Amino acid sequence: MGIETESWRQGGDTSWFTHDRFGLFIHWGLYSLGARHEWLMDREEIPPDLYRSKYFDKFDPDLYDPAVWADAAADAGMKYFVATTKHHEGFCLWDTAQTDFKAPNTPARRDLIAPMVDAFRSRGLRAGLYYSLLDWSHPDFVVDPSHGPLRNAADKEALNRGRDQSRYAAYIRRQVQELLTGYGDIDIMWFDFSYPQRPGGKGRDDWESEELVRLIRKLRPSIILDDRLDLPGIGDVITPEQFQPRVHYTRDGAPVVWEACQTLSGSWGYHRDEADWRDADELIRTLIDTVSKGGNLLLNVGPTSRGEFDERALSRLSDIGRWMKRHSRAIYGCGEPPAGMATPPDCRLTYNAETRRLYLHIFAWPYKHIHLDGLKGKVAYAQLLHDGSEVALSGLEEWQAAHARNVGLAPDTLSITLPQLRPNVAVPVVELFLK
Ligand code: GLC
């Protein structure tokens with residue numbers, strides 16, 4: 001097989017991505033009006049015509065100002081964003097020529113993606129677009145028993161008469177072509193999702209994934225693609241959602257690029273009544289935990305139907321920003337620590353291989369010392385990162401050292417001494433300058 005025919009298999013450029021580490025996910029659509037989970041159409045089995053008649057002409061984001069969103073993301077330290085252009089409901093936020101089920105035909109009366117991309121770019125963030133492979137409103141999308149509002153319909157066969165999944169796959173390609181040609185250089189294309197393992201489920205044959213990827217690679221060879229197209233070996237990023245992996249992802253033994261996507265409160269779309277929001281400290285720890293395993297974090301906000309980030313989201317973003325302002329050096333350009341470096345209890349380590357600085361993130365403040373195995377003689381200087389104040393590279397005093405064995409110290413253990421008072425930041429970090 002010639003290089004030409006195989007070039008679509010070549011991956012995108014993830015070099016900026018693994019440096020930047022932190023992005024904003026945005027889930028916005030008609031489900032923001034329902035305000036009770038972006039899957040409400042499926043969960044409540046609301047047929048497409050009813051769903052549309054209920055929400056379509058009420059979608060009026062009169063408070064939408066993407067510059068405010070971009071500011072909130074940039075101030076939180078985020079370096080890229082990924083926004084839903086179409087979620088499973090099928091509603092399109094941009095001015096697509098392929099359907100009338102789109103924002104310009106609602107009271108919004110305009111393309112909502114274009115100003116978003118512009119606003120984020122002007123704050124220096126890169127642009128990613130999420131596109132749902134599922135489409136519960138499209139007349140050619142074959143109704144299956146696994147997902148969608150019509151999944152329990154008794155007359156599925158009758159419903160599917162005349163539906164043509166391949167025509168739908170062509171619709172996907174035309175829409176993706178619009179998205180990749182109408183909004184400048186898009187950096188990430190984020191497809192969601194395949195479910196071939198489910199009864200009547202859908203995967204690469206239903207989306208015609210290979211043809212889709214060929215098209216994308218022709219339009220934008222360097223774009224980053226996620227891994228949800230059901231094409232083994234294709235996808236630049238592995239995308240665990242709603243859980244944290246314990247170790248760096250690998251494929252055939254080699255580390256691969258990965259990105260955790262996480263919610264603030266459980267659902268992705270705006271959910272008015274969800275009360276179990278994660279607090280900022282936990283979100284910061286999640287970011288650190290992710291980077292300590294060499295991954296990225298894509299943290300989600302579901303804007304309201306009127307076009308705002310809810311106060312609960314804004315306050316978290318601003319708390320994260322307060323921490324990032326002083327600690328982003330321990331995130332950007334960082335990844336997992338060198339192999340074999342032991343992480344002390346209640347801590348995470350991130351490492352910048354270029355500057356050779358190691359970051360010790362302290363989740364629970366210890367009694368005076370932290371002991372770092374294998375680092376004795378290898379650290380030139382240490383400081384608390386938030387205020388650049390020196391941390392002593394010495395541990396137990398002589399009379400205490402007699403107990404070294406019981407303390408669990410080895411000859412190569414470096415002990416550092418911390419101030420008694422825990423610094424008043426979400427997660428204190430010690431920056432260690434390796435020799
Ligand atoms: C899921 C859900 C969805 C969300 C996505 C984010 O697959 O279907 O609602 O958009 O994950 O990763």
# chains A, B, ... in the order shown; residues from 1 in each chain; ligands from 1
>>> select_by_dssp(residues="range 246-309 of chain A", states="strand (DSSP E)", output="PyMOL selection string")
chain A and resi 250-251+254-255+259-262+296-301
>>> residues_around(residues="Leu396 in chain A", least_positions_apart="5", cutoff="10 Å", atoms="only C-alpha atoms", output="list of chain:residue names")
A:Lys368, A:His369, A:His371, A:Ala401, A:Ala402, A:His403, A:Ala404, A:Val407, A:Ser415, A:Ile416, A:Thr417
>>> closest_atom_pairs(of="range 210-241 of chain A", to="range 81-103 of chain A", cutoff="12 Å", atoms="only C-alpha atoms", output="CSV")
residue,atom,partner,partner_atom,distance
A:Ile224,CA,A:Val82,CA,11.5
A:Leu225,CA,A:Val82,CA,11.8
A:Asp226,CA,A:Val82,CA,11.5
>>> residues_near_ligand(ligand="ligand 1", cutoff="10 Å", atoms="only C-alpha atoms and all ligand atoms", output="tab-separated table (two decimals) with C-alpha atoms, in the first residue's frame")
chain	number	residue	atom	x	y	z
A	25	PHE	CA	-15.45	21.54	27.65
A	26	ILE	CA	-18.71	23.30	26.80
A	27	HIS	CA	-22.02	21.47	26.46
A	28	TRP	CA	-24.71	23.79	25.16
A	37	HIS	CA	-29.27	16.54	31.88
A	38	GLU	CA	-28.28	16.64	28.24
A	39	TRP	CA	-29.76	13.17	27.77
A	40	LEU	CA	-33.26	14.22	28.81
A	83	ALA	CA	-17.59	23.07	22.40
A	84	THR	CA	-20.54	20.96	21.33
A	86	LYS	CA	-24.27	19.32	17.90
A	87	HIS	CA	-25.12	16.92	20.74
A	88	HIS	CA	-27.15	13.71	20.55
A	89	GLU	CA	-30.39	15.70	20.27
A	130	TYR	CA	-17.34	18.36	19.63
A	131	TYR	CA	-19.67	16.62	17.21
A	132	SER	CA	-22.16	13.96	18.19
A	134	LEU	CA	-25.62	10.11	17.40
A	147	HIS	CA	-30.14	4.66	22.73
A	190	TRP	CA	-13.99	15.52	19.23
A	191	PHE	CA	-16.48	12.85	18.11
A	192	ASP	CA	-18.95	11.20	20.47
A	193	PHE	CA	-19.59	8.18	20.49
A	194	SER	CA	-19.69	4.57	19.25
A	195	TYR	CA	-21.51	1.70	20.90
A	228	ARG	CA	-14.55	7.42	19.74
A	239	THR	CA	-10.67	9.99	26.43
A	240	PRO	CA	-11.69	8.49	29.78
A	241	GLU	CA	-14.72	10.25	31.19
A	242	GLN	CA	-16.09	10.50	34.72
A	260	ALA	CA	-9.75	12.95	31.12
A	261	CYS	CA	-13.02	14.81	30.68
A	262	GLN	CA	-14.84	15.59	33.89
A	263	THR	CA	-17.95	17.39	35.02
A	267	SER	CA	-24.22	16.07	34.00
A	268	TRP	CA	-22.59	17.82	31.06
A	269	GLY	CA	-25.45	20.06	30.05
A	298	LEU	CA	-10.94	18.84	29.92
A	300	ASN	CA	-16.85	20.90	31.55
>>> residues_around(residues="His386 in chain A", least_positions_apart="4", cutoff="12 Å", atoms="only C-alpha atoms", output="count of residues only")
22
>>> residues_around(residues="Ala342 in chain A", least_positions_apart="5", cutoff="10 Å", atoms="only C-alpha atoms", output="PDB file with N, CA and C atoms, in the first residue's frame")
ATOM      1  N   PRO A 337       6.420  11.997  36.633  1.00  0.00           N
ATOM      2  CA  PRO A 337       7.830  12.052  37.048  1.00  0.00           C
ATOM      3  C   PRO A 337       8.631  10.947  36.373  1.00  0.00           C
ATOM      4  N   ARG A 348       1.301  14.174  45.008  1.00  0.00           N
ATOM      5  CA  ARG A 348       1.458  13.836  43.594  1.00  0.00           C
ATOM      6  C   ARG A 348       2.729  14.528  43.120  1.00  0.00           C
ATOM      7  N   LEU A 349       3.372  13.914  42.115  1.00  0.00           N
ATOM      8  CA  LEU A 349       4.560  14.523  41.514  1.00  0.00           C
ATOM      9  C   LEU A 349       4.266  14.869  40.063  1.00  0.00           C
ATOM     10  N   HIS A 371       9.626  12.916  52.976  1.00  0.00           N
ATOM     11  CA  HIS A 371      10.801  12.103  52.641  1.00  0.00           C
ATOM     12  C   HIS A 371      10.685  11.622  51.204  1.00  0.00           C
ATOM     13  N   LEU A 372      11.696  11.941  50.423  1.00  0.00           N
ATOM     14  CA  LEU A 372      11.680  11.614  48.992  1.00  0.00           C
ATOM     15  C   LEU A 372      12.759  10.577  48.695  1.00  0.00           C
ATOM     16  N   ASP A 373      12.305   9.359  48.454  1.00  0.00           N
ATOM     17  CA  ASP A 373      13.271   8.273  48.219  1.00  0.00           C
ATOM     18  C   ASP A 373      13.988   8.464  46.891  1.00  0.00           C
ATOM     19  N   GLY A 374      15.275   8.181  46.919  1.00  0.00           N
ATOM     20  CA  GLY A 374      16.064   8.206  45.685  1.00  0.00           C
ATOM     21  C   GLY A 374      16.540   9.584  45.273  1.00  0.00           C
ATOM     22  N   LEU A 375      16.180  10.611  46.034  1.00  0.00           N
ATOM     23  CA  LEU A 375      16.530  11.968  45.586  1.00  0.00           C
ATOM     24  C   LEU A 375      17.703  12.586  46.335  1.00  0.00           C
TER      25      LEU A 375
END
>>> residues_around(residues="Ala114 in chain A", least_positions_apart="5", cutoff="9 Å", atoms="only C-alpha atoms", output="PDB file with N, CA and C atoms, in the first residue's frame")
ATOM      1  N   TRP A  94     -24.421  25.963  14.881  1.00  0.00           N
ATOM      2  CA  TRP A  94     -23.845  26.838  13.845  1.00  0.00           C
ATOM      3  C   TRP A  94     -24.808  26.939  12.657  1.00  0.00           C
ATOM      4  N   ALA A 119     -13.833  34.591  20.033  1.00  0.00           N
ATOM      5  CA  ALA A 119     -13.579  35.118  21.382  1.00  0.00           C
ATOM      6  C   ALA A 119     -12.478  34.324  22.084  1.00  0.00           C
ATOM      7  N   GLY A 182     -15.147  26.468   7.755  1.00  0.00           N
ATOM      8  CA  GLY A 182     -15.778  27.767   7.990  1.00  0.00           C
ATOM      9  C   GLY A 182     -15.283  28.525   9.209  1.00  0.00           C
ATOM     10  N   TYR A 183     -14.400  27.940   9.987  1.00  0.00           N
ATOM     11  CA  TYR A 183     -14.047  28.560  11.279  1.00  0.00           C
ATOM     12  C   TYR A 183     -12.539  28.644  11.512  1.00  0.00           C
TER      13      TYR A 183
END
>>> atom_distance(atom1="CA of Asp71 in chain A", atom2="CA of Thr290 in chain A")
23.6 Å
>>> select_by_dssp(residues="range 295-411 of chain A", states="helix (DSSP H, G or I)", output="JSON, numbers by chain")
{"A": [311, 312, 313, 314, 315, 316, 317, 318, 319, 320, 321, 322, 323, 324, 325, 326, 327, 328, 329, 330, 398, 399, 400, 401, 404, 405, 406, 407]}
>>> write_last_selection(atoms="N, CA and C atoms", output="JSON list (two decimals), in the first residue's frame")
[["chain", "number", "residue", "atom", "x", "y", "z"],
["A", 311, "GLU", "N", -23.34, 30.80, 38.23],
["A", 311, "GLU", "CA", -22.45, 31.30, 39.30],
["A", 311, "GLU", "C", -21.60, 30.19, 39.92],
["A", 312, "ARG", "N", -22.22, 29.02, 40.05],
["A", 312, "ARG", "CA", -21.48, 27.91, 40.68],
["A", 312, "ARG", "C", -20.27, 27.53, 39.83],
["A", 313, "ALA", "N", -20.44, 27.60, 38.52],
["A", 313, "ALA", "CA", -19.32, 27.29, 37.63],
["A", 313, "ALA", "C", -18.28, 28.41, 37.67],
["A", 314, "LEU", "N", -18.77, 29.65, 37.63],
["A", 314, "LEU", "CA", -17.85, 30.79, 37.61],
["A", 314, "LEU", "C", -16.99, 30.84, 38.86],
["A", 315, "SER", "N", -17.60, 30.55, 40.01],
["A", 315, "SER", "CA", -16.80, 30.66, 41.24],
["A", 315, "SER", "C", -15.72, 29.57, 41.26],
["A", 316, "ARG", "N", -16.07, 28.40, 40.74],
["A", 316, "ARG", "CA", -15.04, 27.35, 40.70],
["A", 316, "ARG", "C", -13.92, 27.72, 39.73],
["A", 317, "LEU", "N", -14.29, 28.22, 38.58],
["A", 317, "LEU", "CA", -13.24, 28.60, 37.61],
["A", 317, "LEU", "C", -12.34, 29.67, 38.22],
["A", 318, "SER", "N", -12.95, 30.59, 38.95],
["A", 318, "SER", "CA", -12.09, 31.66, 39.48],
["A", 318, "SER", "C", -11.20, 31.14, 40.61],
["A", 319, "ASP", "N", -11.70, 30.20, 41.40],
["A", 319, "ASP", "CA", -10.83, 29.60, 42.43],
["A", 319, "ASP", "C", -9.68, 28.81, 41.79],
["A", 320, "ILE", "N", -10.00, 28.10, 40.74],
["A", 320, "ILE", "CA", -8.95, 27.35, 40.04],
["A", 320, "ILE", "C", -7.91, 28.34, 39.50],
["A", 321, "GLY", "N", -8.41, 29.45, 38.96],
["A", 321, "GLY", "CA", -7.52, 30.48, 38.42],
["A", 321, "GLY", "C", -6.59, 31.07, 39.47],
["A", 322, "ARG", "N", -7.13, 31.24, 40.68],
["A", 322, "ARG", "CA", -6.30, 31.80, 41.75],
["A", 322, "ARG", "C", -5.12, 30.86, 42.03],
["A", 323, "TRP", "N", -5.41, 29.56, 42.01],
["A", 323, "TRP", "CA", -4.33, 28.58, 42.23],
["A", 323, "TRP", "C", -3.39, 28.55, 41.03],
["A", 324, "MET", "N", -3.97, 28.54, 39.83],
["A", 324, "MET", "CA", -3.15, 28.43, 38.62],
["A", 324, "MET", "C", -2.21, 29.62, 38.45],
["A", 325, "LYS", "N", -2.67, 30.79, 38.87],
["A", 325, "LYS", "CA", -1.84, 31.98, 38.74],
["A", 325, "LYS", "C", -0.46, 31.75, 39.36],
["A", 326, "ARG", "N", -0.45, 31.04, 40.47],
["A", 326, "ARG", "CA", 0.82, 30.85, 41.19],
["A", 326, "ARG", "C", 1.45, 29.47, 40.97],
["A", 327, "HIS", "N", 0.67, 28.56, 40.37],
["A", 327, "HIS", "CA", 1.17, 27.19, 40.28],
["A", 327, "HIS", "C", 1.18, 26.60, 38.87],
["A", 328, "SER", "N", 0.85, 27.42, 37.87],
["A", 328, "SER", "CA", 0.72, 26.85, 36.53],
["A", 328, "SER", "C", 2.03, 26.25, 36.02],
["A", 329, "ARG", "N", 3.14, 26.73, 36.59],
["A", 329, "ARG", "CA", 4.45, 26.17, 36.23],
["A", 329, "ARG", "C", 4.53, 24.68, 36.56],
["A", 330, "ALA", "N", 3.71, 24.25, 37.48],
["A", 330, "ALA", "CA", 3.71, 22.83, 37.86],
["A", 330, "ALA", "C", 2.74, 22.02, 37.02],
["A", 398, "GLU", "N", 20.13, 15.51, 64.12],
["A", 398, "GLU", "CA", 21.00, 14.38, 64.45],
["A", 398, "GLU", "C", 20.39, 13.42, 65.45],
["A", 399, "TRP", "N", 19.83, 13.99, 66.52],
["A", 399, "TRP", "CA", 19.30, 13.13, 67.58],
["A", 399, "TRP", "C", 18.07, 12.35, 67.12],
["A", 400, "GLN", "N", 17.39, 12.92, 66.07],
["A", 400, "GLN", "CA", 16.24, 12.20, 65.54],
["A", 400, "GLN", "C", 16.69, 11.13, 64.54],
["A", 401, "ALA", "N", 17.83, 11.42, 63.90],
["A", 401, "ALA", "CA", 18.30, 10.55, 62.83],
["A", 401, "ALA", "C", 18.60, 9.14, 63.31],
["A", 404, "ALA", "N", 16.19, 6.82, 62.17],
["A", 404, "ALA", "CA", 15.96, 6.83, 60.73],
["A", 404, "ALA", "C", 15.32, 5.55, 60.21],
["A", 405, "ARG", "N", 15.82, 4.42, 60.73],
["A", 405, "ARG", "CA", 15.32, 3.16, 60.18],
["A", 405, "ARG", "C", 13.82, 3.01, 60.47],
["A", 406, "ASN", "N", 13.44, 3.42, 61.69],
["A", 406, "ASN", "CA", 12.03, 3.30, 62.05],
["A", 406, "ASN", "C", 11.16, 4.31, 61.32],
["A", 407, "VAL", "N", 11.75, 5.46, 61.00],
["A", 407, "VAL", "CA", 11.01, 6.45, 60.23],
["A", 407, "VAL", "C", 10.82, 5.95, 58.80]]
>>> closest_residue(among="A:Arg214, A:Arg21, A:Arg163, A:His248", to="Ala339 in chain A", atoms="only C-alpha atoms")
A:His248
>>> closest_residue(among="A:Leu180, A:Val391, A:Ala169, A:Leu159", to="Ser209 in chain A", atoms="only C-alpha atoms")
A:Ala169
>>> closest_residue(among="A:Gly335, A:Gly302, A:Pro245, A:Pro344", to="Ala35 in chain A", atoms="only C-alpha atoms")
A:Gly302
>>> atom_distance(atom1="CA of Pro338 in chain A", atom2="CA of Asp387 in chain A")
25.8 Å
